[in-house]
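Student: For reference, this is query26.tsv, and it has TSV, C-alpha atoms.
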```tsv
chain	number	residue	atom	x	y	z
K	213	MET	CA	22.36	1.34	13.62
K	214	GLY	CA	25.23	1.97	11.22
K	215	SER	CA	28.80	3.06	11.77
K	216	ASP	CA	30.34	6.57	11.60
K	217	LYS	CA	32.04	5.54	8.37
K	218	GLU	CA	28.64	4.86	6.88
K	219	LYS	CA	27.45	8.35	7.85
K	220	ASP	CA	30.30	9.76	5.82
K	221	LYS	CA	29.75	7.38	2.95
K	222	ILE	CA	26.05	7.31	2.07
K	223	LYS	CA	24.69	10.62	0.87
K	224	ILE	CA	20.94	10.76	0.68
K	225	LEU	CA	18.51	13.44	-0.38
K	226	LEU	CA	14.95	13.47	0.99
K	227	VAL	CA	12.47	15.30	-1.23
K	228	ASP	CA	9.00	16.10	0.13
K	229	ASP	CA	6.88	19.23	0.34
K	230	GLU	CA	5.62	18.31	3.84
K	231	GLN	CA	8.31	20.23	5.72
K	232	GLU	CA	7.49	18.92	9.20
K	233	PHE	CA	7.52	15.33	7.95
K	234	VAL	CA	10.71	15.53	5.94
K	235	ASN	CA	12.69	17.40	8.61
K	236	THR	CA	11.71	14.91	11.33
K	237	LEU	CA	12.43	11.94	9.05
K	238	SER	CA	15.81	13.47	8.24
K	239	GLU	CA	16.65	13.74	11.97
K	240	ARG	CA	15.66	10.12	12.58
K	241	ILE	CA	17.73	8.89	9.63
K	242	GLN	CA	20.73	10.89	10.84
K	243	MET	CA	20.32	9.25	14.27
K	244	ARG	CA	20.87	5.99	12.35
K	245	GLU	CA	24.20	7.27	11.06
K	246	ILE	CA	23.20	8.15	7.53
K	247	GLY	CA	23.79	11.68	6.29
K	248	ALA	CA	20.53	13.14	5.01
K	249	ASN	CA	19.80	16.38	3.17
K	250	VAL	CA	16.36	17.80	2.51
K	251	ALA	CA	14.68	19.45	-0.49
K	252	LEU	CA	11.13	20.78	-0.19
K	253	ASN	CA	10.12	20.65	-3.85
K	254	GLY	CA	11.16	19.36	-7.24
K	255	GLU	CA	13.06	22.50	-8.24
K	256	GLN	CA	15.14	22.45	-5.04
K	257	ALA	CA	15.84	18.74	-5.53
K	258	LEU	CA	17.15	19.20	-9.09
K	259	GLU	CA	19.26	22.16	-8.02
K	260	PHE	CA	20.72	20.15	-5.14
K	261	VAL	CA	21.54	17.17	-7.37
K	262	ASP	CA	23.36	19.44	-9.85
K	263	ASN	CA	25.61	20.69	-7.04
K	264	GLU	CA	26.09	17.48	-5.04
K	265	VAL	CA	25.01	14.16	-6.54
K	266	PRO	CA	23.49	11.96	-3.81
K	267	ASP	CA	23.80	8.16	-3.76
K	268	VAL	CA	20.16	7.65	-2.90
K	269	MET	CA	17.19	9.96	-3.30
K	270	VAL	CA	13.95	9.41	-1.35
K	271	LEU	CA	11.30	11.13	-3.42
K	272	ASP	CA	7.64	12.03	-2.94
K	273	LEU	CA	5.47	12.05	-6.06
K	274	ARG	CA	2.80	14.68	-5.44
K	275	MET	CA	4.47	18.04	-5.03
K	276	PRO	CA	3.62	21.52	-6.24
K	277	GLY	CA	5.67	22.66	-9.26
K	278	ILE	CA	7.85	19.93	-10.75
K	279	ASP	CA	6.32	16.69	-9.51
K	280	GLY	CA	8.16	13.56	-8.38
K	281	ILE	CA	7.75	11.66	-11.67
K	282	GLU	CA	9.37	14.54	-13.59
K	283	VAL	CA	12.19	14.79	-11.01
K	284	LEU	CA	12.76	11.03	-11.36
K	285	ARG	CA	12.80	11.26	-15.16
K	286	ARG	CA	15.35	14.11	-15.19
K	287	VAL	CA	17.59	12.65	-12.49
K	288	LYS	CA	17.75	9.18	-14.09
K	289	LYS	CA	18.53	10.80	-17.46
K	290	GLN	CA	21.36	13.00	-16.16
K	291	TYR	CA	22.62	10.87	-13.26
K	292	PRO	CA	21.64	7.25	-13.94
K	293	ASP	CA	23.69	5.98	-10.95
K	294	VAL	CA	21.51	7.81	-8.41
K	295	GLN	CA	19.18	5.26	-6.82
K	296	VAL	CA	15.69	6.65	-6.34
K	297	ILE	CA	13.24	5.34	-3.75
K	298	ILE	CA	9.71	6.64	-4.16
K	299	LEU	CA	7.98	7.33	-0.83
K	300	THR	CA	4.43	8.48	-1.43
K	301	GLY	CA	1.00	8.59	0.10
K	302	HIS	CA	-0.50	8.03	-3.33
K	303	GLY	CA	-1.61	4.46	-3.94
K	304	SER	CA	-2.08	4.50	-7.69
K	305	GLU	CA	-0.81	1.41	-9.50
K	306	LYS	CA	-0.33	3.55	-12.61
K	307	ASP	CA	2.16	5.75	-10.73
K	308	GLU	CA	4.05	2.72	-9.44
K	309	GLU	CA	4.31	1.23	-12.93
K	310	GLU	CA	5.51	4.55	-14.34
K	311	ALA	CA	8.06	5.07	-11.54
K	312	ARG	CA	9.50	1.58	-11.99
K	313	ARG	CA	9.58	2.03	-15.77
K	314	LEU	CA	11.61	5.20	-15.28
K	315	GLY	CA	14.12	3.30	-13.13
K	316	ALA	CA	12.97	3.79	-9.52
K	317	PHE	CA	14.78	1.32	-7.25
K	318	ASP	CA	11.82	0.91	-4.92
K	319	TYR	CA	8.28	2.18	-4.35
K	320	LEU	CA	7.12	2.58	-0.75
K	321	GLN	CA	3.84	3.76	0.72
K	322	LYS	CA	3.94	6.66	3.17
K	323	PRO	CA	4.14	6.46	6.14
K	324	VAL	CA	6.84	3.82	6.45
K	325	GLU	CA	8.73	2.55	9.50
K	326	VAL	CA	12.03	4.42	9.59
K	327	ASP	CA	14.02	1.20	10.01
K	328	THR	CA	12.35	-0.27	6.91
K	329	LEU	CA	13.28	2.84	4.95
K	330	VAL	CA	16.87	2.74	6.22
K	331	THR	CA	17.15	-0.94	5.19
K	332	ARG	CA	15.97	-0.09	1.67
K	333	ILE	CA	18.35	2.88	1.49
K	334	ARG	CA	21.29	0.62	2.43
K	335	LYS	CA	20.17	-1.98	-0.12
K	336	ALA	CA	19.94	0.66	-2.86
K	337	TYR	CA	23.36	2.00	-1.94
K	338	LYS	CA	24.88	-1.51	-1.87
K	339	GLN	CA	23.56	-2.26	-5.35
K	340	GLN	CA	24.95	1.02	-6.68
K	341	VAL	CA	28.38	0.38	-5.12
K	342	GLU	CA	28.56	-3.24	-6.31
K	343	SER	CA	27.69	-2.37	-9.90
K	344	SER	CA	30.14	0.54	-10.01
K	345	PHE	CA	32.87	-1.58	-8.35
K	346	MET	CA	32.52	-4.51	-10.75
K	347	ALA	CA	32.35	-2.24	-13.78
K	348	GLY	CA	35.37	-0.26	-12.49
K	349	THR	CA	37.42	-3.41	-11.75
K	350	PHE	CA	36.96	-4.78	-15.25
K	351	ALA	CA	37.51	-1.38	-16.83
K	352	GLU	CA	40.81	-1.01	-14.93
K	353	ALA	CA	41.89	-4.43	-16.19
K	354	GLY	CA	41.18	-3.27	-19.72
K	355	GLU	CA	38.22	-5.61	-20.10
K	356	PHE	CA	35.85	-2.96	-21.36
K	357	ASP	CA	33.32	-5.37	-22.85
K	358	THR	CA	32.83	-7.10	-19.49
K	359	ALA	CA	32.70	-3.73	-17.70
K	360	LYS	CA	30.00	-2.61	-20.11
K	361	LYS	CA	28.09	-5.85	-19.47
K	362	TYR	CA	28.02	-5.05	-15.73
K	363	MET	CA	26.79	-1.56	-16.42
K	364	ASP	CA	24.09	-2.89	-18.79
K	365	LYS	CA	23.12	-5.59	-16.27
K	366	ASP	CA	22.65	-2.90	-13.66
K	367	LYS	CA	20.47	-0.91	-16.03
K	368	ASP	CA	18.36	-4.03	-16.71
K	369	LYS	CA	17.96	-4.69	-12.98
K	370	LYS	CA	16.76	-1.14	-12.47
K	371	LYS	CA	14.28	-1.46	-15.34
K	372	LYS	CA	12.79	-4.56	-13.71
S	373	MET	CA	-22.23	1.36	-16.60
S	374	ASN	CA	-23.27	4.52	-18.46
S	375	PRO	CA	-20.74	7.32	-19.17
S	376	GLU	CA	-22.38	9.73	-16.68
S	377	THR	CA	-22.08	7.18	-13.86
S	378	GLU	CA	-18.47	6.51	-14.82
S	379	LYS	CA	-17.70	10.26	-14.73
S	380	THR	CA	-19.32	10.58	-11.29
S	381	LEU	CA	-17.34	7.61	-9.95
S	382	THR	CA	-14.09	8.96	-11.37
S	383	PHE	CA	-14.80	12.32	-9.72
S	384	PHE	CA	-15.50	10.73	-6.32
S	385	GLY	CA	-12.47	8.48	-6.76
S	386	LYS	CA	-10.19	11.48	-7.38
S	387	MET	CA	-11.59	13.42	-4.43
S	388	THR	CA	-11.29	10.55	-1.97
S	389	ALA	CA	-7.82	9.54	-3.22
S	390	ASN	CA	-6.70	13.14	-2.73
S	391	LEU	CA	-8.21	13.26	0.75
S	392	THR	CA	-6.61	9.99	1.87
S	393	HIS	CA	-3.27	11.28	0.54
S	394	GLU	CA	-3.65	14.30	2.85
S	395	VAL	CA	-4.63	12.11	5.81
S	396	LYS	CA	-1.60	9.88	5.17
S	397	ASN	CA	0.62	12.95	5.32
S	398	VAL	CA	-0.92	13.87	8.70
S	399	LEU	CA	-0.37	10.32	9.98
S	400	ALA	CA	3.19	10.32	8.63
S	401	ILE	CA	4.02	13.50	10.59
S	402	ILE	CA	2.52	12.04	13.79
S	403	GLN	CA	4.43	8.79	13.24
S	404	GLU	CA	7.78	10.49	12.68
S	405	SER	CA	7.30	12.91	15.60
S	406	ALA	CA	6.33	10.07	17.96
S	407	GLY	CA	9.21	8.00	16.58
S	408	LEU	CA	11.67	10.81	17.21
S	409	MET	CA	10.48	11.12	20.83
S	410	GLU	CA	10.96	7.38	21.20
S	411	ASP	CA	14.44	7.51	19.62
S	412	ILE	CA	15.43	10.30	22.02
S	413	THR	CA	14.19	8.56	25.17
S	414	ALA	CA	15.95	5.36	24.05
S	415	ILE	CA	19.22	7.31	24.16
S	416	CYS	CA	18.35	9.48	27.14
S	417	PRO	CA	15.64	7.92	29.42
S	418	LEU	CA	13.44	10.05	31.68
S	419	ALA	CA	14.82	10.54	35.20
S	420	GLU	CA	11.83	9.00	37.02
S	421	GLU	CA	11.22	5.38	36.10
S	422	LYS	CA	7.46	5.60	36.71
S	423	TYR	CA	7.19	8.42	34.20
S	424	GLN	CA	9.25	6.46	31.73
S	425	GLU	CA	6.75	3.58	32.04
S	426	LYS	CA	3.81	5.94	31.46
S	427	PHE	CA	5.61	7.49	28.54
S	428	ASN	CA	6.28	4.07	26.99
S	429	HIS	CA	2.66	3.03	27.52
S	430	SER	CA	1.33	6.19	25.85
S	431	MET	CA	3.80	5.78	23.02
S	432	ALA	CA	2.70	2.18	22.48
S	433	THR	CA	-0.96	3.34	22.29
S	434	ILE	CA	-0.09	6.08	19.81
S	435	LYS	CA	1.80	3.59	17.63
S	436	GLN	CA	-0.98	1.01	17.79
S	437	GLN	CA	-3.61	3.54	16.74
S	438	LEU	CA	-1.30	4.95	14.08
S	439	HIS	CA	-0.93	1.51	12.53
S	440	ARG	CA	-4.70	1.14	12.56
S	441	GLY	CA	-5.16	4.54	10.91
S	442	ILE	CA	-2.40	3.89	8.39
S	443	ASP	CA	-3.83	0.50	7.46
S	444	LEU	CA	-7.30	1.94	6.94
S	445	THR	CA	-6.16	4.94	4.91
S	446	THR	CA	-3.80	2.83	2.79
S	447	GLN	CA	-6.57	0.41	1.92
S	448	PHE	CA	-9.06	3.22	1.41
S	449	ASN	CA	-6.63	5.04	-0.86
S	450	ARG	CA	-6.30	1.88	-2.98
S	451	PHE	CA	-10.09	1.54	-3.00
S	452	ALA	CA	-10.44	5.18	-4.10
S	453	HIS	CA	-8.35	4.34	-7.15
S	454	THR	CA	-10.66	1.53	-8.29
S	455	PRO	CA	-12.57	3.77	-10.76
S	456	ASP	CA	-9.24	4.60	-12.48
S	457	ARG	CA	-9.64	1.55	-14.72
S	458	SER	CA	-12.74	-0.04	-16.18
S	459	SER	CA	-10.90	-3.36	-16.31
S	460	ALA	CA	-8.04	-4.55	-14.11
S	461	GLU	CA	-6.50	-7.78	-12.88
S	462	LEU	CA	-7.38	-8.21	-9.21
S	463	ASP	CA	-5.61	-10.44	-6.70
S	464	LEU	CA	-8.70	-11.81	-4.97
S	465	VAL	CA	-6.89	-12.59	-1.70
S	466	ASP	CA	-5.73	-8.96	-1.42
S	467	THR	CA	-9.07	-7.61	-2.58
S	468	VAL	CA	-11.08	-9.64	-0.06
S	469	GLY	CA	-8.70	-8.62	2.77
S	470	GLN	CA	-9.10	-4.98	1.79
S	471	PHE	CA	-12.88	-5.31	1.49
S	472	CYS	CA	-13.23	-6.85	4.97
S	473	LEU	CA	-11.03	-4.18	6.55
S	474	LEU	CA	-13.04	-1.36	4.97
S	475	THR	CA	-16.50	-2.79	5.64
S	476	GLY	CA	-15.91	-4.47	9.01
S	477	ARG	CA	-17.69	-1.63	10.78
S	478	PHE	CA	-21.01	-2.36	9.01
S	479	ALA	CA	-20.89	-5.83	10.56
S	480	ARG	CA	-19.63	-4.65	13.95
S	481	LEU	CA	-22.63	-2.31	14.27
S	482	LYS	CA	-24.83	-5.44	14.24
S	483	HIS	CA	-22.43	-7.37	16.51
S	484	ILE	CA	-21.58	-9.62	13.60
S	485	SER	CA	-17.99	-10.55	12.90
S	486	LEU	CA	-16.65	-10.20	9.35
S	487	THR	CA	-13.41	-11.96	8.45
S	488	ALA	CA	-11.43	-12.68	5.32
S	489	GLY	CA	-11.11	-16.47	5.24
S	490	ASP	CA	-7.87	-18.13	4.23
S	491	PRO	CA	-7.92	-19.49	0.72
S	492	ASP	CA	-6.93	-23.07	-0.01
S	493	PRO	CA	-3.08	-23.03	0.09
S	494	ALA	CA	-3.09	-24.93	-3.21
S	495	ASN	CA	-4.75	-21.87	-4.79
S	496	GLU	CA	-2.37	-19.21	-3.58
S	497	LYS	CA	-2.81	-16.91	-6.56
S	498	ILE	CA	-6.41	-16.29	-7.44
S	499	ARG	CA	-6.65	-13.58	-10.04
S	500	LEU	CA	-9.58	-12.16	-11.91
S	501	THR	CA	-9.65	-9.56	-14.67
S	502	THR	CA	-12.83	-7.59	-14.18
S	503	ASN	CA	-14.39	-4.18	-13.62
S	504	PRO	CA	-13.05	-3.36	-10.11
S	505	VAL	CA	-15.89	-1.01	-9.09
S	506	GLN	CA	-18.63	-3.45	-10.06
S	507	PHE	CA	-16.74	-6.31	-8.42
S	508	TYR	CA	-16.59	-4.35	-5.15
S	509	MET	CA	-20.29	-3.60	-5.51
S	510	ALA	CA	-21.00	-7.33	-5.88
S	511	LEU	CA	-19.07	-8.01	-2.66
S	512	PHE	CA	-20.85	-5.17	-0.90
S	513	PHE	CA	-24.37	-6.26	-1.91
S	514	SER	CA	-23.53	-9.82	-0.83
S	515	LEU	CA	-22.44	-8.51	2.56
S	516	GLU	CA	-25.53	-6.30	2.93
S	517	SER	CA	-27.75	-9.28	2.08
S	518	CYS	CA	-26.05	-11.41	4.73
S	519	LEU	CA	-26.34	-8.63	7.32
S	520	SER	CA	-30.06	-8.35	6.70
S	521	ALA	CA	-30.53	-12.11	7.18
S	522	LEU	CA	-28.37	-12.59	10.29
S	523	THR	CA	-28.73	-11.63	13.94
S	524	SER	CA	-25.99	-10.65	16.40
S	525	ASN	CA	-23.23	-13.02	17.55
S	526	THR	CA	-22.80	-14.61	14.17
S	527	GLU	CA	-19.89	-14.60	11.77
S	528	ILE	CA	-19.51	-13.97	8.06
S	529	ARG	CA	-16.40	-15.36	6.41
S	530	VAL	CA	-15.47	-14.18	2.94
S	531	ILE	CA	-13.22	-16.71	1.26
S	532	PRO	CA	-11.51	-16.30	-2.11
S	533	GLN	CA	-11.12	-19.60	-3.94
S	534	LYS	CA	-11.18	-21.43	-7.24
S	535	ARG	CA	-14.53	-23.15	-7.59
S	536	GLY	CA	-14.12	-26.60	-9.11
S	537	GLY	CA	-10.40	-25.90	-9.28
S	538	GLN	CA	-10.96	-23.50	-12.18
S	539	SER	CA	-13.30	-20.55	-11.81
S	540	PRO	CA	-12.33	-17.67	-9.51
S	541	ALA	CA	-15.00	-17.41	-6.82
S	542	ILE	CA	-15.81	-15.71	-3.54
S	543	GLU	CA	-17.56	-17.72	-0.86
S	544	PHE	CA	-19.73	-16.05	1.78
S	545	ALA	CA	-20.05	-18.51	4.68
S	546	CYS	CA	-22.23	-17.67	7.70
S	547	THR	CA	-21.64	-19.45	11.01
S	548	GLY	CA	-22.19	-18.98	14.73
S	549	GLU	CA	-24.31	-20.26	17.58
S	550	GLN	CA	-27.22	-17.97	16.79
S	551	ILE	CA	-27.52	-18.54	13.05
S	552	PRO	CA	-31.07	-19.04	11.77
S	553	PRO	CA	-32.16	-22.28	10.09
S	554	ALA	CA	-30.95	-22.49	6.47
S	555	GLY	CA	-34.45	-22.15	4.97
S	556	GLU	CA	-35.19	-18.99	6.96
S	557	PHE	CA	-31.76	-17.55	6.14
S	558	PHE	CA	-32.15	-17.94	2.39
S	559	GLN	CA	-35.72	-16.63	2.52
S	560	GLN	CA	-34.53	-13.46	4.27
S	561	LEU	CA	-31.50	-13.20	2.02
S	562	GLN	CA	-33.55	-13.33	-1.16
S	563	ALA	CA	-36.07	-10.81	0.25
S	564	ALA	CA	-33.30	-8.28	0.84
S	565	GLU	CA	-33.11	-5.32	-1.54
S	566	ALA	CA	-29.35	-5.80	-1.77
S	567	TRP	CA	-29.83	-9.35	-3.10
S	568	GLY	CA	-31.71	-7.94	-6.11
S	569	GLU	CA	-28.96	-5.38	-6.61
S	570	LEU	CA	-26.39	-8.17	-6.47
S	571	GLY	CA	-28.21	-9.86	-9.34
S	572	ASP	CA	-28.11	-6.61	-11.35
S	573	VAL	CA	-24.42	-6.06	-10.80
S	574	ILE	CA	-23.15	-9.61	-11.27
S	575	ASP	CA	-24.73	-10.12	-14.71
S	576	PRO	CA	-22.53	-7.56	-16.53
S	577	LEU	CA	-19.50	-9.17	-14.84
S	578	ALA	CA	-20.44	-12.50	-16.47
S	579	GLY	CA	-20.71	-13.96	-12.99
S	580	LYS	CA	-23.34	-16.02	-11.23
S	581	VAL	CA	-24.51	-16.74	-7.68
S	582	GLU	CA	-24.64	-20.32	-6.44
S	583	CYS	CA	-26.23	-21.18	-3.05
S	584	ASP	CA	-25.74	-24.15	-0.71
S	585	THR	CA	-29.18	-24.15	0.91
S	586	ASN	CA	-28.13	-26.74	3.50
S	587	ASP	CA	-25.17	-24.87	4.85
S	588	LEU	CA	-25.77	-21.07	4.92
S	589	ARG	CA	-23.23	-20.25	2.27
S	590	PHE	CA	-23.18	-19.00	-1.25
S	591	TRP	CA	-20.60	-18.28	-3.92
S	592	LEU	CA	-20.06	-15.52	-6.42
S	593	ILE	CA	-18.53	-17.39	-9.36
S	594	PHE	CA	-16.75	-15.62	-12.24
```
Can you turn what I pasted into structure tokens?
Tutor:
Amino acid sequence: MGSDKEKDKIKILLVDDEQEFVNTLSERIQMREIGANVALNGEQALEFVDNEVPDVMVLDLRMPGIDGIEVLRRVKKQYPDVQVIILTGHGSEKDEEEARRLGAFDYLQKPVEVDTLVTRIRKAYKQQVESSFMAGTFAEAGEFDTAKKYMDKDKDKKKK
Amino acid sequence: MNPETEKTLTFFGKMTANLTHEVKNVLAIIQESAGLMEDITAICPLAEEKYQEKFNHSMATIKQQLHRGIDLTTQFNRFAHTPDRSSAELDLVDTVGQFCLLTGRFARLKHISLTAGDPDPANEKIRLTTNPVQFYMALFFSLESCLSALTSNTEIRVIPQKRGGQSPAIEFACTGEQIPPAGEFFQQLQAAEAWGELGDVIDPLAGKVECDTNDLRFWLIF
């Protein structure tokens, strides 16, 4: 389990239209010292992100209204630093290819062991922090070309 | 495969994929609710130790059966997506594992064991670009043929491999104390309706069937 500091640091948003599932998952993640918020559809998720940008978003694909792929597309366009983990019960390879092409950090099949999900969330957060830190360090030192390289490298990693 | 058949398969694929998605949501809710109960009792155990033991035992059973259900629905969901593409690259080790999990019950009903055999470690990646639905049908008709030629307390092993180091192949090997003599086995196998259907389905896949009449095994070679 993580530390209290971590609870304050990582901000995650869980997006799923299965209310019972997402609320219980949120409680279990919070018991592991990670602060979790919940959105029950794509519209709520986009509204939430506009008000409070999370570090990591755990996103279902099949939802009524704006579906997960569209949420992913819009979030990565407006907030490219948000790491998105797809958690879906849908096993289509086409969806996985599309999600990864749009920049999803990971693609997990529902249901997943909570500790596996927490590990992936921490990994996604770590990658986001490292990239931002390296880019920031070089930018502060006036080495903008190197800073840009780190930002581009991060984008490439996400594409892969 | 004619366009009408393809449409029908796509329809059934969509319906079953949708259904397994729903079932996975149900399993996910059960898993998280059971997990939350477990998390809570880890922090705050029940007052009576004997009840705690019973609780833990029940929880272990729930988790075990959940994993079984999750495994089956995950594999079935992937299977339901096979009509999505008329041609796809299959990992034969994964595909055979999935096939054995989904069809194991057919064998169990006859007290025959069905297992996915380990491929030769030298051939870790065995891939085949083919029509996934027809490939599954070829595996299924092979299994049905074996089941019609075997009695109880025997074993069917399905082994992905590269035949002659080159061609992707699936071996069906039948073993066990109560296996029939090879001649009788192949006679029964070839008399089975499924064996004829295997012939019909393997031709369009540019595959062939090769039998080892001394050893109760045959290969689907692609």
Student: Atom CA of S:Ala541 and atom CA of S:Tyr508, how far apart in Å?
Tutor: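 Atom CA of S:Ala541 lies 13.3 Å from atom CA of S:Tyr508.
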Student: Using all atoms listed in the file, which of the listed residues (S:Asn374, S:Gly385, S:Leu481, S:Asn449) sits closest to chain K?
Tutor: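 Between S:Asn374, S:Gly385, S:Leu481, S:Asn449, the residue approaching chain K most closely is S:Asn449.
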Student: Can you work out which residues from chain K touch chain S at a cut-off of 12 Å (counting all atoms listed in the file) and hand them back as an mmCIF file with C-alpha atoms, in the frame of the given file?
Tutor:
```cif
data_model
loop_
_atom_site.group_PDB
_atom_site.id
_atom_site.type_symbol
_atom_site.label_atom_id
_atom_site.label_comp_id
_atom_site.auth_asym_id
_atom_site.auth_seq_id
_atom_site.Cartn_x
_atom_site.Cartn_y
_atom_site.Cartn_z
ATOM 1 C CA MET K 213 22.360 1.340 13.620
ATOM 2 C CA ASP K 228 9.000 16.100 0.130
ATOM 3 C CA ASP K 229 6.880 19.230 0.340
ATOM 4 C CA GLU K 230 5.620 18.310 3.840
ATOM 5 C CA GLN K 231 8.310 20.230 5.720
ATOM 6 C CA GLU K 232 7.490 18.920 9.200
ATOM 7 C CA PHE K 233 7.520 15.330 7.950
ATOM 8 C CA VAL K 234 10.710 15.530 5.940
ATOM 9 C CA ASN K 235 12.690 17.400 8.610
ATOM 10 C CA THR K 236 11.710 14.910 11.330
ATOM 11 C CA LEU K 237 12.430 11.940 9.050
ATOM 12 C CA SER K 238 15.810 13.470 8.240
ATOM 13 C CA GLU K 239 16.650 13.740 11.970
ATOM 14 C CA ARG K 240 15.660 10.120 12.580
ATOM 15 C CA ILE K 241 17.730 8.890 9.630
ATOM 16 C CA GLN K 242 20.730 10.890 10.840
ATOM 17 C CA MET K 243 20.320 9.250 14.270
ATOM 18 C CA ARG K 244 20.870 5.990 12.350
ATOM 19 C CA ASP K 272 7.640 12.030 -2.940
ATOM 20 C CA LEU K 273 5.470 12.050 -6.060
ATOM 21 C CA ARG K 274 2.800 14.680 -5.440
ATOM 22 C CA MET K 275 4.470 18.040 -5.030
ATOM 23 C CA LEU K 299 7.980 7.330 -0.830
ATOM 24 C CA THR K 300 4.430 8.480 -1.430
ATOM 25 C CA GLY K 301 1.000 8.590 0.100
ATOM 26 C CA HIS K 302 -0.500 8.030 -3.330
ATOM 27 C CA GLY K 303 -1.610 4.460 -3.940
ATOM 28 C CA SER K 304 -2.080 4.500 -7.690
ATOM 29 C CA GLU K 305 -0.810 1.410 -9.500
ATOM 30 C CA LYS K 306 -0.330 3.550 -12.610
ATOM 31 C CA ASP K 307 2.160 5.750 -10.730
ATOM 32 C CA LEU K 320 7.120 2.580 -0.750
ATOM 33 C CA GLN K 321 3.840 3.760 0.720
ATOM 34 C CA LYS K 322 3.940 6.660 3.170
ATOM 35 C CA PRO K 323 4.140 6.460 6.140
ATOM 36 C CA VAL K 324 6.840 3.820 6.450
ATOM 37 C CA GLU K 325 8.730 2.550 9.500
ATOM 38 C CA VAL K 326 12.030 4.420 9.590
ATOM 39 C CA ASP K 327 14.020 1.200 10.010
#
```
Student: Report, in Å with one decimal, the straight-line distance from atom CA of S:Thr523 to atom CA of S:Asp584.
Tutor: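 Answer for the atom CA of S:Thr523 to atom CA of S:Asp584 separation: 19.5 Å.
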Student: Tell me, in Å to one decimal, how far atom CA of S:Gln470 is from atom CA of S:Glu516.
Tutor: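 The value is 16.5 Å.
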Student: Go ahead and find all residues with at least one atom no further than 7 Å from (-16.9, -21.1, -14.3) in the file's coordinates, using all atoms listed in the file; report them as number ranges by chain.
Tutor: S: 538-539, 593-594
Student: Out of K:Asp293, K:Glu245, K:Asp318, K:Glu308, which residue has the shortest atom-to-atom distance to K:Val265 when counting all atoms listed in the file?
Tutor: K:Asp293
Student: From the set S:Ile574, S:Ala460, S:Ile542, S:Ile434, which residue has the shortest atom-to-atom contact distance to S:Leu592, counting only C-alpha atoms?
Tutor: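 Checking each of S:Ile574, S:Ala460, S:Ile542, S:Ile434 against S:Leu592, counting only C-alpha atoms, the winner is S:Ile542.
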Student: Contacts of K:Ile278 at 8 Å or less, counting only C-alpha atoms, minus same-chain residues fewer than 4 places along, as number ranges by chain?
Tutor: K: 253-255, 282-283
Student: Would you put the residues from that selection into a file with C-alpha atoms, as an mmCIF file, keeping the file's coordinate frame?
Tutor:
```cif
data_model
loop_
_atom_site.group_PDB
_atom_site.id
_atom_site.type_symbol
_atom_site.label_atom_id
_atom_site.label_comp_id
_atom_site.auth_asym_id
_atom_site.auth_seq_id
_atom_site.Cartn_x
_atom_site.Cartn_y
_atom_site.Cartn_z
ATOM 1 C CA ASN K 253 10.120 20.650 -3.850
ATOM 2 C CA GLY K 254 11.160 19.360 -7.240
ATOM 3 C CA GLU K 255 13.060 22.500 -8.240
ATOM 4 C CA GLU K 282 9.370 14.540 -13.590
ATOM 5 C CA VAL K 283 12.190 14.790 -11.010
#
```
Student: From the options S:Asp575, S:Glu565, S:Glu549, S:Glu543, which residue's atoms come nearest to S:Thr526, counting only C-alpha atoms?
Tutor: S:Glu549
Student: Could you list, as JSON, numbers by chain, every residue within 12 Å of S:Phe471, counting all atoms listed in the file and ignoring same-chain residues fewer than 6 positions away?
Tutor: {"S": [444, 447, 448, 450, 451, 464, 465, 477, 478, 486, 487, 488, 489, 504, 505, 507, 508, 509, 510, 511, 512, 514, 515, 529, 530, 531, 532, 542]}
Student: Here is a test: counting only C-alpha atoms, which residue of S:Ile498, S:Val468, S:Lys379, S:Asn503 is nearest to S:Gly537?
Tutor: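 Using only C-alpha atoms, the shortest distance to S:Gly537 belongs to S:Ile498.
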Student: Any idea what's packed within 7 Å of S:Asn525, counting all atoms listed in the file, ignoring anything in its chain fewer than 5 positions away? Could you give it as a list in words?
Tutor: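 Neighbouring residues, sequence-local ones excluded: His483, Ile484, Gly548 and Gln550 of chain S.
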Student: Suppose we keep C-alpha atoms; can you now write the selection as a JSON list (two decimals), keeping the file's coordinate frame?
Tutor:
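Output below, filename part-v9.json:
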```
[["chain", "number", "residue", "atom", "x", "y", "z"],
["S", 483, "HIS", "CA", -22.43, -7.37, 16.51],
["S", 484, "ILE", "CA", -21.58, -9.62, 13.60],
["S", 548, "GLY", "CA", -22.19, -18.98, 14.73],
["S", 550, "GLN", "CA", -27.22, -17.97, 16.79]]
```
Student: Got a sec to check which residues sit within 12 Å of (17.8, 7.7, -9.2), counting all atoms listed in the file, and write them as a PyMOL selection string?
Tutor: chain K and resi 224-225+257-258+261+265-271+280-298+311-318+333+336-337+340+367+370-371
Student: Need to verify the contact set: S:Leu588, 10 Å, only C-alpha atoms, exclusion of same-chain residues closer than 2 positions in sequence. Can you return it as a list in words?
Tutor: Cys518, Ile528, Phe544, Ala545, Cys546, Thr547, Ile551, Pro552, Pro553, Ala554, Gly555, Glu556, Phe557, Phe558, Cys583, Asp584, Thr585, Asn586 and Phe590 of chain S
